[in-house]
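Beneath this line is the structure, given in structure tokens, with notes to follow.
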Amino acid sequence: MALKLFDSELKVMDVLWKKGDQTAKQISDILKAEIGWNMNTTYTVIKKCIAKGAIERSEPHFMCHAQISKEAVQEAEAEELIGKLFDGCPNQLFATLLGSQKLSKKEIDSLRQMITDLE
């Protein structure tokens with residue numbers, strides 16, 4: 001995915017990923033309540049997402065539909081992070097995460113299972 005979404009665009013996308021298709025007005029109301037955005041700000045960000053191909057607009061009522069999945073964005077962002085900060089080595093990212101976090105036995109077991117599944 002060559003699509004780069006900024007933090008503000010991710011906020012709009014997150015509404016669609018969590019709630020499904022919404023009108024621009026519904027998205028605006030949600031983001032006003034959650035983070036205090038006004039309608040103009042929300043509509044501007046929605047239009048940027050439409051221009052990037054992340055959202056499809058349909059009528060009636062300026063209905064918005066996510067064109068990209070959250071998983072695709074997470075994967076692209078993770079690849080970018082690994083490339084930028086960890087010289088393209090995912091194991092360095094995991095070493096950093098594991099070294100700085102206190103994991104429960106359940107979380108450690110879950111990570112082991114993921115590794116086993118990959119092998």
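For the structure tokens, the naming scheme is as follows: chains receive sequential letters (A, B, ...) according to their order of presentation, residues are indexed from 1 within each chain, and ligands are indexed from 1 in presentation order.
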
Residues near Val45 (chain A), cut-off 8 Å, only C-alpha atoms, skip fewer than 2 positions along chain, as a PyMOL selection string: chain A and resi 8-9+12+41-43+47-49

Spatial neighbours of Pro60 (chain A), max dist 10 Å, only C-alpha atoms, sep filter under 3 positions, as a PyMOL selection string: chain A and resi 23+57+63

CA of Lys11 (chain A) to CA of Lys102 (chain A), straight-line distance in Å: 28.4 Å

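Residues in contact with Glu77 (chain A) at up to 10 Å, not including ones fewer than 4 positions away on its chain and judged by only C-alpha atoms, are A:Met1, A:Leu3, A:Lys4, A:Leu5, A:Glu71, A:Ala72, A:Val73, A:Leu81, A:Ile82, A:Gly83.
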
Output C-alpha atoms for every residue in that selection, as a PDB file, in the first residue's frame.
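File produced: again.pdb:
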```
ATOM      1  CA  MET A   1       0.000   0.000   0.000  1.00  0.00           C
ATOM      2  CA  LEU A   3      -1.168   5.230   0.584  1.00  0.00           C
ATOM      3  CA  LYS A   4       0.076   7.350   3.488  1.00  0.00           C
ATOM      4  CA  LEU A   5      -2.548   8.496   5.972  1.00  0.00           C
ATOM      5  CA  GLU A  71      -5.310  -4.313   8.729  1.00  0.00           C
ATOM      6  CA  ALA A  72      -3.836  -3.043   5.452  1.00  0.00           C
ATOM      7  CA  VAL A  73      -3.030   0.304   7.058  1.00  0.00           C
ATOM      8  CA  LEU A  81       8.235   1.874  11.152  1.00  0.00           C
ATOM      9  CA  ILE A  82      10.488  -1.162  10.807  1.00  0.00           C
ATOM     10  CA  GLY A  83      12.176   0.370   7.778  1.00  0.00           C
TER      11      GLY A  83
END
```

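All residues in region 57-108 of chain A with a DSSP state of strand (DSSP E or B), computed from the backbone, read Arg57, Ser58, Met63, Cys64, His65 and Ala66 of chain A.
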
Just N, CA and C atoms for this one: save the residues we selected as a JSON list (two decimals), in the first residue's frame.
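What landed in result.json:
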```json
[["chain", "number", "residue", "atom", "x", "y", "z"],
["A", 57, "ARG", "N", -17.17, 8.09, -1.55],
["A", 57, "ARG", "CA", -18.36, 8.89, -1.22],
["A", 57, "ARG", "C", -19.51, 8.47, -2.13],
["A", 58, "SER", "N", -20.69, 8.34, -1.54],
["A", 58, "SER", "CA", -21.88, 8.07, -2.35],
["A", 58, "SER", "C", -23.03, 8.92, -1.82],
["A", 63, "MET", "N", -22.62, 9.80, 2.03],
["A", 63, "MET", "CA", -22.30, 8.55, 2.70],
["A", 63, "MET", "C", -20.83, 8.19, 2.44],
["A", 64, "CYS", "N", -20.14, 7.80, 3.49],
["A", 64, "CYS", "CA", -18.72, 7.47, 3.40],
["A", 64, "CYS", "C", -18.50, 5.98, 3.65],
["A", 65, "HIS", "N", -17.67, 5.38, 2.81],
["A", 65, "HIS", "CA", -17.36, 3.96, 2.92],
["A", 65, "HIS", "C", -15.84, 3.80, 2.87],
["A", 66, "ALA", "N", -15.27, 3.07, 3.82],
["A", 66, "ALA", "CA", -13.82, 2.83, 3.84],
["A", 66, "ALA", "C", -13.43, 1.95, 2.66]]
```

Which of chain A DSSP labels alpha helix (DSSP H), written as JSON, numbers by chain: {"A": [7, 8, 9, 10, 11, 12, 13, 14, 15, 16, 17, 18, 19, 24, 25, 26, 27, 28, 29, 30, 31, 32, 33, 34, 35, 39, 40, 41, 42, 43, 44, 45, 46, 47, 48, 49, 50, 51, 52, 70, 71, 72, 73, 74, 75, 76, 77, 78, 79, 80, 81, 82, 83, 84, 85, 90, 91, 92, 93, 94, 95, 96, 97, 98, 99, 100, 105, 106, 107, 108, 109, 110, 111, 112, 113, 114, 115, 116, 117, 118]}

Nearest to Ile46 (chain A) by atom-to-atom distance, counting only C-alpha atoms, from A:Ala95, A:Met114, A:Met13, A:Ala33: A:Met13

Given only C-alpha atoms as the counted atoms, nearest of A:Thr44, A:Leu97, A:Pro90, A:Gln26 to Ala78 (chain A): A:Pro90

Residue with smallest distance to Ser69 (chain A) - pool A:Leu10, A:Leu103, A:Ala24, A:Ile50, counting only C-alpha atoms: A:Leu10
